[in-house]
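Participant: Below you'll find data-v7.tsv; it's TSV, C-alpha atoms and all ligand atoms.
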chain	number	residue	atom	x	y	z
T	1	MET	CA	9.08	-17.61	-9.85
T	2	LYS	CA	9.09	-13.80	-10.00
T	3	ARG	CA	7.98	-12.19	-6.76
T	4	ALA	CA	7.56	-8.55	-5.76
T	5	VAL	CA	6.79	-6.64	-2.61
T	6	TYR	CA	4.35	-3.73	-2.53
T	7	PRO	CA	5.19	-1.84	0.68
T	8	GLY	CA	3.16	0.93	2.25
T	9	SER	CA	1.57	2.13	5.43
T	10	PHE	CA	-1.92	1.30	4.04
T	11	ASP	CA	-3.69	3.31	6.76
T	12	PRO	CA	-6.13	2.27	5.33
T	13	VAL	CA	-5.85	0.52	1.95
T	14	THR	CA	-7.58	2.61	-0.76
T	15	GLN	CA	-9.11	1.95	-4.14
T	16	GLY	CA	-5.90	3.41	-5.63
T	17	HIS	CA	-3.74	0.87	-3.80
T	18	LEU	CA	-6.03	-1.95	-4.94
T	19	ASN	CA	-5.65	-0.84	-8.56
T	20	ILE	CA	-1.85	-1.09	-8.23
T	21	ILE	CA	-2.08	-4.48	-6.45
T	22	GLU	CA	-4.36	-5.95	-9.15
T	23	ARG	CA	-2.05	-4.76	-11.94
T	24	ALA	CA	1.09	-5.99	-10.16
T	25	ALA	CA	-0.60	-9.38	-9.64
T	26	ASP	CA	-1.00	-9.62	-13.43
T	27	ILE	CA	2.73	-9.05	-13.94
T	28	PHE	CA	4.33	-11.05	-11.11
T	29	ASP	CA	3.85	-14.66	-10.01
T	30	GLU	CA	3.42	-13.52	-6.42
T	31	VAL	CA	2.90	-10.07	-4.88
T	32	VAL	CA	3.47	-9.63	-1.16
T	33	VAL	CA	1.66	-6.54	0.11
T	34	CYS	CA	3.59	-5.56	3.22
T	35	VAL	CA	2.20	-3.20	5.85
T	36	MET	CA	5.24	-1.24	7.02
T	37	LYS	CA	6.11	1.52	9.43
T	38	ASN	CA	6.48	5.06	8.11
T	39	VAL	CA	8.39	6.86	10.84
T	40	ASP	CA	6.85	10.20	9.80
T	41	LYS	CA	3.24	9.06	10.31
T	42	GLN	CA	0.99	8.39	13.28
T	43	GLY	CA	-1.50	5.69	12.41
T	44	LEU	CA	-5.27	5.61	12.74
T	45	PHE	CA	-5.65	1.85	12.22
T	46	SER	CA	-3.47	-0.72	14.02
T	47	TYR	CA	-1.15	-2.84	11.90
T	48	GLY	CA	-3.44	-5.81	12.55
T	49	GLU	CA	-6.50	-3.86	11.37
T	50	ARG	CA	-4.69	-2.75	8.21
T	51	GLU	CA	-3.80	-6.38	7.53
T	52	VAL	CA	-7.44	-7.47	8.01
T	53	LEU	CA	-8.64	-4.77	5.58
T	54	LEU	CA	-5.99	-5.67	2.98
T	55	LYS	CA	-6.83	-9.39	3.23
T	56	LYS	CA	-10.52	-8.69	2.65
T	57	ALA	CA	-9.83	-6.26	-0.22
T	58	THR	CA	-7.55	-8.74	-2.03
T	59	GLU	CA	-9.34	-12.03	-1.33
T	60	HIS	CA	-10.18	-12.32	-5.06
T	61	LEU	CA	-6.45	-12.39	-5.95
T	62	ASP	CA	-4.89	-15.86	-5.58
T	63	ASN	CA	-1.27	-14.73	-5.95
T	64	VAL	CA	-1.40	-11.87	-3.42
T	65	ARG	CA	-0.25	-12.35	0.17
T	66	ILE	CA	-0.48	-9.83	3.00
T	67	ASP	CA	2.26	-9.42	5.60
T	68	ILE	CA	3.38	-6.96	8.28
T	69	SER	CA	6.92	-5.82	8.99
T	70	THR	CA	8.13	-2.97	11.17
T	71	GLY	CA	11.75	-3.21	10.04
T	72	LEU	CA	13.72	-1.92	7.07
T	73	LEU	CA	12.19	-2.79	3.71
T	74	THR	CA	15.46	-4.12	2.28
T	75	ASP	CA	15.98	-6.37	5.33
T	76	TYR	CA	12.49	-7.77	4.79
T	77	MET	CA	13.27	-8.38	1.12
T	78	ARG	CA	16.47	-10.25	1.95
T	79	GLU	CA	14.64	-12.42	4.50
T	80	GLU	CA	11.83	-13.17	2.03
T	81	ASP	CA	14.14	-13.55	-0.99
T	82	ILE	CA	12.34	-10.82	-2.97
T	83	ASP	CA	14.29	-8.46	-5.23
T	84	THR	CA	11.61	-6.17	-6.71
T	85	ILE	CA	9.73	-3.32	-5.03
T	86	ILE	CA	6.46	-2.14	-6.59
T	87	LYS	CA	5.39	1.46	-6.08
T	88	GLY	CA	2.51	3.40	-7.57
T	89	LEU	CA	2.96	6.91	-8.96
T	90	ARG	CA	-0.01	9.28	-8.88
T	91	ASN	CA	1.68	12.52	-9.89
T	92	SER	CA	5.01	14.35	-10.17
T	93	GLN	CA	5.21	14.80	-6.38
T	94	ASP	CA	5.08	11.03	-5.91
T	95	PHE	CA	7.75	10.74	-8.62
T	96	GLN	CA	10.14	13.16	-6.85
T	97	TYR	CA	9.71	11.38	-3.53
T	98	GLU	CA	9.79	7.82	-4.86
T	99	VAL	CA	12.91	8.36	-6.96
T	100	ASP	CA	14.82	9.30	-3.81
T	101	MET	CA	13.40	6.32	-1.90
T	102	ALA	CA	14.27	3.97	-4.77
T	103	ARG	CA	17.84	5.30	-4.83
T	104	ILE	CA	18.24	4.90	-1.06
T	105	ASN	CA	16.96	1.32	-1.27
T	106	LYS	CA	19.27	0.61	-4.23
T	107	ARG	CA	22.24	2.05	-2.34
T	108	ILE	CA	21.67	-0.14	0.72
T	109	ALA	CA	20.61	-3.22	-1.28
T	110	PRO	CA	22.18	-3.07	-4.77
T	111	ASP	CA	20.58	-6.36	-5.84
T	112	THR	CA	17.09	-4.90	-5.55
T	113	ASP	CA	15.13	-2.71	-7.96
T	114	THR	CA	11.99	-0.59	-7.81
T	115	ALA	CA	9.34	-0.91	-10.52
T	116	PHE	CA	6.78	1.88	-10.89
T	117	LEU	CA	3.18	1.57	-12.03
T	118	ILE	CA	1.40	4.77	-13.03
T	119	SER	CA	-1.92	5.21	-11.21
T	120	ASP	CA	-5.03	5.10	-13.34
T	121	PRO	CA	-6.34	8.69	-13.61
T	122	GLN	CA	-9.50	8.14	-11.56
T	123	TYR	CA	-7.39	7.29	-8.50
T	124	THR	CA	-4.84	10.10	-8.56
T	125	MET	CA	-6.67	12.25	-5.98
T	126	ILE	CA	-7.09	9.39	-3.49
T	127	SER	CA	-4.80	9.13	-0.46
T	128	SER	CA	-5.05	7.34	2.85
T	129	SER	CA	-4.92	10.67	4.70
T	130	GLY	CA	-7.85	11.89	2.58
T	131	VAL	CA	-9.78	8.78	3.59
T	132	ARG	CA	-8.90	9.33	7.27
T	133	GLU	CA	-10.19	12.90	6.97
T	134	LEU	CA	-13.46	11.68	5.41
T	135	ILE	CA	-13.83	9.16	8.25
T	136	ALA	CA	-13.39	11.94	10.82
T	137	TYR	CA	-16.39	13.74	9.27
T	138	ASN	CA	-18.55	10.62	8.78
T	139	ALA	CA	-18.42	11.22	5.02
T	140	ASP	CA	-19.27	8.63	2.37
T	141	LEU	CA	-16.19	6.54	1.52
T	142	LYS	CA	-17.67	4.88	-1.58
T	143	GLY	CA	-15.21	5.10	-4.45
T	144	PHE	CA	-12.31	5.87	-2.12
T	145	VAL	CA	-11.85	2.44	-0.54
T	146	PRO	CA	-12.83	-1.01	-1.84
T	147	GLU	CA	-16.57	-1.31	-1.17
T	148	CYS	CA	-16.20	-4.75	0.47
T	149	ILE	CA	-14.26	-3.28	3.41
T	150	LEU	CA	-16.71	-0.48	4.26
T	151	PRO	CA	-18.43	-2.48	7.06
T	152	GLU	CA	-15.08	-3.45	8.64
T	153	ILE	CA	-13.85	0.16	8.55
T	154	ALA	CA	-17.07	1.41	10.13
T	155	GLU	CA	-16.77	-1.20	12.90
T	156	MET	CA	-13.07	-0.44	13.51
T	157	VAL	CA	-13.71	3.30	13.91
T	158	GLY	CA	-16.88	2.77	15.94
T	159	LYS	CA	-19.39	4.23	13.48
T	160	ASP	CA	-22.71	2.74	12.35
T	161	GLN	CA	-21.83	3.18	8.68
T	162	LEU	CA	-19.60	5.25	6.41
C	1	LIG	N1	-3.31	5.16	-4.82
C	1	LIG	C1	-3.76	5.86	-3.75
C	1	LIG	N2	-2.96	6.31	-2.77
C	1	LIG	C2	-1.65	6.05	-2.87
C	1	LIG	C3	-1.12	5.34	-3.95
C	1	LIG	C4	-2.01	4.89	-4.95
C	1	LIG	N3	-1.58	4.21	-6.02
C	1	LIG	N4	0.21	5.26	-3.78
C	1	LIG	C5	0.48	5.88	-2.63
C	1	LIG	N5	-0.64	6.36	-2.09
C	1	LIG	C6	-0.76	7.16	-0.88
C	1	LIG	C7	-0.50	6.41	0.39
C	1	LIG	O1	-1.70	5.87	0.93
C	1	LIG	C8	0.05	7.49	1.26
C	1	LIG	O2	-1.05	8.26	1.74
C	1	LIG	P1	-0.95	9.17	3.05
C	1	LIG	O3	0.36	9.89	3.00
C	1	LIG	O4	-2.09	10.05	2.87
C	1	LIG	O5	-1.03	8.22	4.22
C	1	LIG	C9	0.82	8.38	0.31
C	1	LIG	O6	0.27	8.13	-0.95
C	1	LIG	C10	2.28	8.10	0.28
C	1	LIG	O7	2.48	6.74	-0.08
C	1	LIG	P2	3.91	6.08	0.13
C	1	LIG	O8	4.97	6.99	-0.36
C	1	LIG	O9	3.87	4.71	-0.42
C	1	LIG	O10	4.07	6.11	1.71
C	1	LIG	P3	3.56	5.08	2.76
C	1	LIG	O11	3.54	5.76	4.08
C	1	LIG	O12	2.29	4.44	2.33
C	1	LIG	O13	4.69	3.96	2.75
C	1	LIG	C11	6.80	3.02	3.42
C	1	LIG	C12	6.03	4.28	3.02
C	1	LIG	C13	6.15	2.33	4.62
C	1	LIG	C14	6.84	2.06	2.25
C	1	LIG	C15	8.25	3.46	3.77
C	1	LIG	O14	8.21	4.38	4.84
C	1	LIG	C16	9.12	2.28	4.14
C	1	LIG	O15	9.69	1.63	3.27
C	1	LIG	N6	9.22	2.00	5.46
C	1	LIG	C17	10.04	0.90	5.96
C	1	LIG	C18	11.41	1.44	6.48
C	1	LIG	C19	12.32	1.63	5.30
C	1	LIG	O16	12.85	0.69	4.73
C	1	LIG	N7	12.51	2.90	4.88
C	1	LIG	C20	13.20	3.19	3.64
C	1	LIG	C21	14.65	3.37	3.83
C	1	LIG	S1	15.04	5.00	4.32
Mind turning the file's structure into structure tokens?
Facilitator:
Amino acid sequence: MKRAVYPGSFDPVTQGHLNIIERAADIFDEVVVCVMKNVDKQGLFSYGEREVLLKKATEHLDNVRIDISTGLLTDYMREEDIDTIIKGLRNSQDFQYEVDMARINKRIAPDTDTAFLISDPQYTMISSSGVRELIAYNADLKGFVPECILPEIAEMVGKDQL
């Protein structure tokens, strides 16, 4: 059984993430979407809230599981017996950054590999920080996050609707 982990801070999950998850689920027998800590970022949503949103957004995908880990990605992979990391690439900036991350992960865990999926063009301008900014201004999130999680997001941030 071929399994992969899709790590990210997912603060919150976006339509772009979901596109990568759906495509990875077509390739691998099981995809574990793991909410992880990015030491450079302060979160808006708690890890538990991010997990709730991811579960709702992926409930149509039988072979996708959601997990949380605040440790090192490669430690998590060893514990879970997973050897492939999935990452999405939106543009050349993502490429520059992700190549370095993939090489660091390969250096500390040589048995692992990173597989890249190129974002579909309609999602390349979406980011979680963009979504957080829209939330701050009560702007319409349709098209930026999976529509099914709009009510949960509104409730979590204490707004009537978004
Ligand atoms: N569609 C839309 N947005 C996307 C996307 C896609 N396909 N792919 C990435 N993004 C967004 C993310 O939401 C994020 O947005 P933000 O910066 O506005 O919040 C941004 O692009 C960067 O994504 P990514 O590079 O995946 O960063 P991340 O913060 O989501 O995840 C971790 C980084 C958590 C995977 C990484 O810090 C990690 O592995 N942490 C664990 C500790 C560890 O092992 N570190 C590595 C060893 S040094």
Participant: Using all atoms listed in the file, which of T:Val99, T:Ala25, T:Leu89, T:Ala136 sits nearest Arg65 in chain T?
Facilitator: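 Nearest candidate to Arg65 in chain T out of T:Val99, T:Ala25, T:Leu89, T:Ala136: T:Ala25.
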Participant: When you count all atoms listed in the file, which of these residues is closest to Ala4 in chain T: T:Phe116, T:Tyr97, T:Tyr123, T:Phe45?
Facilitator: T:Phe116
Participant: Would you mind telling me which residue in T:Glu51, T:Asp67, T:Asp120, T:Asp62 lies nearest to ligand LIG 1 (chain C) when using all atoms listed in the file?
Facilitator: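 Smallest separation from ligand LIG 1 (chain C) among the options: T:Asp120.
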Participant: If the limit is 9 Å from any atom of ligand LIG 1 (chain C), counting all atoms listed in the file, which residues qualify? Return them as a VMD selection string.
Facilitator: chain T and resid 6 to 21 34 to 41 43 69 to 76 87 to 90 94 97 to 98 101 to 102 104 to 105 108 117 to 120 123 to 132 144
Participant: One decimal, in Å: what's the spacing between CA of Ile153 in chain T and CA of Asp26 in chain T?
Facilitator: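 It comes out at 27.3 Å.
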Participant: Calculate how many Å separate CA of Val145 in chain T from CA of Ala57 in chain T, rounding to one decimal.
Facilitator: 8.9 Å
Participant: For the atom pair CA of Ala115 in chain T and CA of Phe28 in chain T, what is the interatomic distance in Å to one decimal place?
Facilitator: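 Separation between CA of Ala115 in chain T and CA of Phe28 in chain T: 11.3 Å.
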Participant: Rank T:Asn138, T:Lys55, T:Phe95, T:Arg3 by their smallest atom-to-atom distance to Val157 in chain T, using all atoms listed in the file, and report the top residue only.
Facilitator: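 Closest to Val157 in chain T, using all atoms listed in the file: T:Asn138.
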Participant: Rank nothing, just name the residue among T:Asp83, T:Leu134, T:Ser92, T:Asn63 nearest to Asp113 in chain T, using only C-alpha atoms.
Facilitator: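 Ranking T:Asp83, T:Leu134, T:Ser92, T:Asn63 by distance to Asp113 in chain T, first place goes to T:Asp83.
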Participant: My structure is short of atoms at range 76-98 of chain T; please model N, CA, C and O atoms there, returning them as a PDB file, in the frame of the given file.
Facilitator:
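Once written, rebuild17.pdb looks like this:
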ATOM      1  N   TYR T  76      13.632  -6.886   5.039  1.00  0.00           N
ATOM      2  CA  TYR T  76      12.490  -7.770   4.790  1.00  0.00           C
ATOM      3  C   TYR T  76      12.666  -8.509   3.458  1.00  0.00           C
ATOM      4  O   TYR T  76      12.437  -9.715   3.364  1.00  0.00           O
ATOM      5  N   MET T  77      13.113  -7.771   2.448  1.00  0.00           N
ATOM      6  CA  MET T  77      13.270  -8.380   1.120  1.00  0.00           C
ATOM      7  C   MET T  77      14.341  -9.480   1.136  1.00  0.00           C
ATOM      8  O   MET T  77      14.172 -10.528   0.517  1.00  0.00           O
ATOM      9  N   ARG T  78      15.425  -9.233   1.870  1.00  0.00           N
ATOM     10  CA  ARG T  78      16.470 -10.250   1.950  1.00  0.00           C
ATOM     11  C   ARG T  78      15.926 -11.499   2.652  1.00  0.00           C
ATOM     12  O   ARG T  78      16.118 -12.614   2.182  1.00  0.00           O
ATOM     13  N   GLU T  79      15.205 -11.279   3.756  1.00  0.00           N
ATOM     14  CA  GLU T  79      14.640 -12.420   4.500  1.00  0.00           C
ATOM     15  C   GLU T  79      13.663 -13.214   3.647  1.00  0.00           C
ATOM     16  O   GLU T  79      13.589 -14.439   3.728  1.00  0.00           O
ATOM     17  N   GLU T  80      12.890 -12.515   2.827  1.00  0.00           N
ATOM     18  CA  GLU T  80      11.830 -13.170   2.030  1.00  0.00           C
ATOM     19  C   GLU T  80      12.312 -13.566   0.630  1.00  0.00           C
ATOM     20  O   GLU T  80      11.542 -14.110  -0.167  1.00  0.00           O
ATOM     21  N   ASP T  81      13.577 -13.237   0.324  1.00  0.00           N
ATOM     22  CA  ASP T  81      14.140 -13.550  -0.990  1.00  0.00           C
ATOM     23  C   ASP T  81      13.323 -12.896  -2.138  1.00  0.00           C
ATOM     24  O   ASP T  81      12.933 -13.552  -3.093  1.00  0.00           O
ATOM     25  N   ILE T  82      13.067 -11.608  -1.961  1.00  0.00           N
ATOM     26  CA  ILE T  82      12.340 -10.820  -2.970  1.00  0.00           C
ATOM     27  C   ILE T  82      13.282  -9.716  -3.444  1.00  0.00           C
ATOM     28  O   ILE T  82      13.934  -9.072  -2.622  1.00  0.00           O
ATOM     29  N   ASP T  83      13.356  -9.507  -4.771  1.00  0.00           N
ATOM     30  CA  ASP T  83      14.290  -8.460  -5.230  1.00  0.00           C
ATOM     31  C   ASP T  83      13.612  -7.280  -5.939  1.00  0.00           C
ATOM     32  O   ASP T  83      14.286  -6.367  -6.412  1.00  0.00           O
ATOM     33  N   THR T  84      12.291  -7.278  -6.009  1.00  0.00           N
ATOM     34  CA  THR T  84      11.610  -6.170  -6.710  1.00  0.00           C
ATOM     35  C   THR T  84      10.598  -5.493  -5.787  1.00  0.00           C
ATOM     36  O   THR T  84       9.788  -6.150  -5.145  1.00  0.00           O
ATOM     37  N   ILE T  85      10.687  -4.151  -5.777  1.00  0.00           N
ATOM     38  CA  ILE T  85       9.730  -3.320  -5.030  1.00  0.00           C
ATOM     39  C   ILE T  85       8.756  -2.730  -6.043  1.00  0.00           C
ATOM     40  O   ILE T  85       9.183  -2.226  -7.086  1.00  0.00           O
ATOM     41  N   ILE T  86       7.472  -2.797  -5.749  1.00  0.00           N
ATOM     42  CA  ILE T  86       6.460  -2.140  -6.590  1.00  0.00           C
ATOM     43  C   ILE T  86       6.027  -0.860  -5.886  1.00  0.00           C
ATOM     44  O   ILE T  86       5.745  -0.874  -4.689  1.00  0.00           O
ATOM     45  N   LYS T  87       5.979   0.230  -6.622  1.00  0.00           N
ATOM     46  CA  LYS T  87       5.390   1.460  -6.080  1.00  0.00           C
ATOM     47  C   LYS T  87       4.461   2.056  -7.138  1.00  0.00           C
ATOM     48  O   LYS T  87       4.690   1.918  -8.342  1.00  0.00           O
ATOM     49  N   GLY T  88       3.425   2.713  -6.663  1.00  0.00           N
ATOM     50  CA  GLY T  88       2.510   3.400  -7.570  1.00  0.00           C
ATOM     51  C   GLY T  88       2.864   4.882  -7.631  1.00  0.00           C
ATOM     52  O   GLY T  88       3.300   5.461  -6.645  1.00  0.00           O
ATOM     53  N   LEU T  89       2.701   5.474  -8.801  1.00  0.00           N
ATOM     54  CA  LEU T  89       2.960   6.910  -8.960  1.00  0.00           C
ATOM     55  C   LEU T  89       1.667   7.599  -9.376  1.00  0.00           C
ATOM     56  O   LEU T  89       1.098   7.282 -10.420  1.00  0.00           O
ATOM     57  N   ARG T  90       1.214   8.559  -8.548  1.00  0.00           N
ATOM     58  CA  ARG T  90      -0.010   9.280  -8.880  1.00  0.00           C
ATOM     59  C   ARG T  90       0.261  10.581  -9.609  1.00  0.00           C
ATOM     60  O   ARG T  90      -0.570  11.050 -10.390  1.00  0.00           O
ATOM     61  N   ASN T  91       1.395  11.184  -9.344  1.00  0.00           N
ATOM     62  CA  ASN T  91       1.680  12.520  -9.890  1.00  0.00           C
ATOM     63  C   ASN T  91       3.180  12.802  -9.771  1.00  0.00           C
ATOM     64  O   ASN T  91       3.952  11.965  -9.300  1.00  0.00           O
ATOM     65  N   SER T  92       3.584  14.023 -10.164  1.00  0.00           N
ATOM     66  CA  SER T  92       5.010  14.350 -10.170  1.00  0.00           C
ATOM     67  C   SER T  92       5.574  14.450  -8.745  1.00  0.00           C
ATOM     68  O   SER T  92       6.755  14.207  -8.526  1.00  0.00           O
ATOM     69  N   GLN T  93       4.720  14.775  -7.769  1.00  0.00           N
ATOM     70  CA  GLN T  93       5.210  14.800  -6.380  1.00  0.00           C
ATOM     71  C   GLN T  93       5.594  13.408  -5.919  1.00  0.00           C
ATOM     72  O   GLN T  93       6.636  13.220  -5.292  1.00  0.00           O
ATOM     73  N   ASP T  94       4.738  12.422  -6.234  1.00  0.00           N
ATOM     74  CA  ASP T  94       5.080  11.030  -5.910  1.00  0.00           C
ATOM     75  C   ASP T  94       6.398  10.665  -6.591  1.00  0.00           C
ATOM     76  O   ASP T  94       7.263  10.016  -6.007  1.00  0.00           O
ATOM     77  N   PHE T  95       6.541  11.088  -7.860  1.00  0.00           N
ATOM     78  CA  PHE T  95       7.750  10.740  -8.620  1.00  0.00           C
ATOM     79  C   PHE T  95       8.985  11.269  -7.904  1.00  0.00           C
ATOM     80  O   PHE T  95       9.945  10.519  -7.673  1.00  0.00           O
ATOM     81  N   GLN T  96       8.976  12.551  -7.522  1.00  0.00           N
ATOM     82  CA  GLN T  96      10.140  13.160  -6.850  1.00  0.00           C
ATOM     83  C   GLN T  96      10.494  12.376  -5.596  1.00  0.00           C
ATOM     84  O   GLN T  96      11.648  12.066  -5.345  1.00  0.00           O
ATOM     85  N   TYR T  97       9.478  12.061  -4.802  1.00  0.00           N
ATOM     86  CA  TYR T  97       9.710  11.380  -3.530  1.00  0.00           C
ATOM     87  C   TYR T  97      10.179   9.942  -3.759  1.00  0.00           C
ATOM     88  O   TYR T  97      11.145   9.480  -3.149  1.00  0.00           O
ATOM     89  N   GLU T  98       9.497   9.250  -4.662  1.00  0.00           N
ATOM     90  CA  GLU T  98       9.790   7.820  -4.860  1.00  0.00           C
ATOM     91  C   GLU T  98      11.140   7.581  -5.508  1.00  0.00           C
ATOM     92  O   GLU T  98      11.771   6.555  -5.270  1.00  0.00           O
TER      93      GLU T  98
END
